Amino acid sequence: MFVEARTRPVLDEICRRLGRSAAEAILLRHHTNAVYAVGDVVVKIAPPGVTLDDLRPVVTVVEWLSDHGFPTVELYPGLDQPFEVSGHVITMWQRLDPANANPVNAAELGTLLRVLHALPAPPIELRRLEPIEGIHRSIATSTILSDEDRQLLRSRLEHLAEAWSRMHFALGEALLQSDPQARNALRRFDGTPVLADWDGASIGPPEWDVATVAVHCRRFAQASPVAFASFTAAYGWDSMKWADFEDLCRLRELKMITTNARKSQSDSVAAREVHRRIAALRSGRDELARWNII
């Protein structure tokens, strides 16, 4: 199981190699990846199954963004990345302002995405955004879903996959961050907002990133419709005038539910939240449901 008891020894070895003390390490997050802060560096430990080839494009994209002056979290200098320790692929990053007293707001996120989506395609091979296949795989491989859950999710996916197949994306294609939201936007010490977490970087319709922001502004307690309005003003495109936007948001929500279902361990806080979201779908009152952050 991918839990802290497994990743702490990996972190100890990384700290030993770098001449740092693991005693000062702070766990920031342990879900998709294990993320630890050690002084001025952030160590990201990937789960089993992630390979060096999976994360080399992430490193290349971040280096390319930095070269183009885009505000991104920076790799920790002086290391050949990614690298492997005890069967886990590691990347290391410069730590940004840990106080987080002034979280990046929706308008700033809109500006960041407007600039990102206007960049030329990076000169590397990146995956194309293909949400349907990933949702199918998550439903099939999750260990926390019942047969009734799978049936419900597959039925919803069938409808949304048909909608996805006929969508006409007015904004063309661009480099996507794929999960732009408050937890993946941080500040440098001078206050500059930057995007972080490029593991899902892909090529696809910018509307996907916009829908992700919309979902967060609808579902989570700290956001609101006013926040999405400020995002829209900064981004410069009114998604509400696009007929397919609601179906795209529902597809984005389904991907969030099923991805977390695949990653969650039984009887965990994350698993309970997944089941709560599925129960709302089953009740028919899903549009009114607020979500808890996993």
# chains A, B, ... in the order shown; residues from 1 in each chain; ligands from 1
call {"tool": "residues_around", "arguments": {"residues": "Lys255 (chain A)", "least_positions_apart": "6", "cutoff": "9 Å", "atoms": "only C-alpha atoms", "output": "short mmCIF file (atom, residue, chain, number, x, y, z; two decimals) with C-alpha atoms, in the first residue's frame"}}
result
data_model
loop_
_atom_site.label_atom_id
_atom_site.label_comp_id
_atom_site.auth_asym_id
_atom_site.auth_seq_id
_atom_site.Cartn_x
_atom_site.Cartn_y
_atom_site.Cartn_z
CA PRO A 131 -10.56 11.36 -20.41
CA ILE A 132 -12.92 8.56 -21.46
CA GLY A 134 -8.93 6.93 -18.13
CA ILE A 135 -12.37 6.93 -16.50
CA SER A 138 -10.40 3.84 -13.00
#
call {"tool": "closest_atom_pairs", "arguments": {"of": "region 87-178 of chain A", "to": "region 194-212 of chain A", "cutoff": "9 Å", "atoms": "only C-alpha atoms", "output": "Markdown table"}}
result
| residue | atom | partner | partner_atom | distance |
| --- | --- | --- | --- | --- |
| A:Val104 | CA | A:Val194 | CA | 8.5 |
| A:Leu109 | CA | A:Leu195 | CA | 8.3 |
| A:Gly110 | CA | A:Val210 | CA | 8.5 |
| A:Leu112 | CA | A:Leu195 | CA | 7.4 |
| A:Leu113 | CA | A:Asp209 | CA | 7.9 |
| A:His117 | CA | A:Pro206 | CA | 6.6 |
| A:Ala121 | CA | A:Ile203 | CA | 8.0 |
| A:Leu126 | CA | A:Ser202 | CA | 5.6 |
| A:Arg127 | CA | A:Ser202 | CA | 5.2 |
| A:Arg128 | CA | A:Ile203 | CA | 4.8 |
| A:Leu129 | CA | A:Gly204 | CA | 5.3 |
| A:Glu130 | CA | A:Gly204 | CA | 8.4 |
| A:Phe169 | CA | A:Pro205 | CA | 6.4 |
| A:Ala170 | CA | A:Glu207 | CA | 8.4 |
| A:Leu171 | CA | A:Pro206 | CA | 6.3 |
| A:Gly172 | CA | A:Pro205 | CA | 5.8 |
| A:Glu173 | CA | A:Pro205 | CA | 4.6 |
| A:Ala174 | CA | A:Ile203 | CA | 5.6 |
| A:Leu175 | CA | A:Ile203 | CA | 4.9 |
| A:Leu176 | CA | A:Ser202 | CA | 5.3 |
| A:Gln177 | CA | A:Ala201 | CA | 4.8 |
| A:Ser178 | CA | A:Gly200 | CA | 5.6 |
call {"tool": "closest_residue", "arguments": {"among": "A:Leu157, A:Ile45, A:Ala271, A:Leu18", "to": "His30 (chain A)", "atoms": "only C-alpha atoms"}}
result
A:Ile45
call {"tool": "residues_around", "arguments": {"residues": "Val226 (chain A)", "least_positions_apart": "5", "cutoff": "12 Å", "atoms": "only C-alpha atoms", "output": "PDB file with N, CA and C atoms, in the first residue's frame"}}
result
ATOM      1  N   ASN A 105      -5.937  33.456  -6.001  1.00  0.00           N
ATOM      2  CA  ASN A 105      -7.379  33.548  -6.193  1.00  0.00           C
ATOM      3  C   ASN A 105      -7.782  33.191  -7.620  1.00  0.00           C
ATOM      4  N   ALA A 106      -9.076  33.129  -7.858  1.00  0.00           N
ATOM      5  CA  ALA A 106      -9.593  32.666  -9.148  1.00  0.00           C
ATOM      6  C   ALA A 106      -9.190  33.593 -10.290  1.00  0.00           C
ATOM      7  N   ALA A 107      -9.166  34.892 -10.044  1.00  0.00           N
ATOM      8  CA  ALA A 107      -8.776  35.832 -11.091  1.00  0.00           C
ATOM      9  C   ALA A 107      -7.315  35.622 -11.488  1.00  0.00           C
ATOM     10  N   ALA A 214     -14.205  25.653 -13.041  1.00  0.00           N
ATOM     11  CA  ALA A 214     -15.646  25.791 -12.779  1.00  0.00           C
ATOM     12  C   ALA A 214     -16.121  24.771 -11.753  1.00  0.00           C
ATOM     13  N   CYS A 217     -15.084  25.765  -8.339  1.00  0.00           N
ATOM     14  CA  CYS A 217     -15.851  26.917  -7.854  1.00  0.00           C
ATOM     15  C   CYS A 217     -17.278  26.539  -7.478  1.00  0.00           C
ATOM     16  N   ARG A 218     -17.767  25.422  -7.981  1.00  0.00           N
ATOM     17  CA  ARG A 218     -19.122  24.977  -7.648  1.00  0.00           C
ATOM     18  C   ARG A 218     -19.149  24.018  -6.462  1.00  0.00           C
ATOM     19  N   PHE A 231     -12.704  34.603 -12.416  1.00  0.00           N
ATOM     20  CA  PHE A 231     -11.841  33.806 -13.291  1.00  0.00           C
ATOM     21  C   PHE A 231     -12.155  34.091 -14.750  1.00  0.00           C
ATOM     22  N   THR A 232     -13.445  34.067 -15.112  1.00  0.00           N
ATOM     23  CA  THR A 232     -13.869  34.280 -16.494  1.00  0.00           C
ATOM     24  C   THR A 232     -13.417  35.639 -17.007  1.00  0.00           C
ATOM     25  N   ALA A 233     -13.554  36.669 -16.183  1.00  0.00           N
ATOM     26  CA  ALA A 233     -13.140  38.007 -16.594  1.00  0.00           C
ATOM     27  C   ALA A 233     -11.639  38.059 -16.884  1.00  0.00           C
TER      28      ALA A 233
END
call {"tool": "closest_residue", "arguments": {"among": "A:Arg188, A:His159, A:Arg250, A:His68", "to": "Val215 (chain A)", "atoms": "only C-alpha atoms"}}
result
A:Arg250
call {"tool": "closest_residue", "arguments": {"among": "A:Ala261, A:Leu251, A:Val3, A:Ile14", "to": "Ala140 (chain A)", "atoms": "only C-alpha atoms"}}
result
A:Ala261
call {"tool": "closest_residue", "arguments": {"among": "A:Pro103, A:Arg137, A:Ser165, A:Ala243", "to": "Arg150 (chain A)", "atoms": "only C-alpha atoms"}}
result
A:Arg137
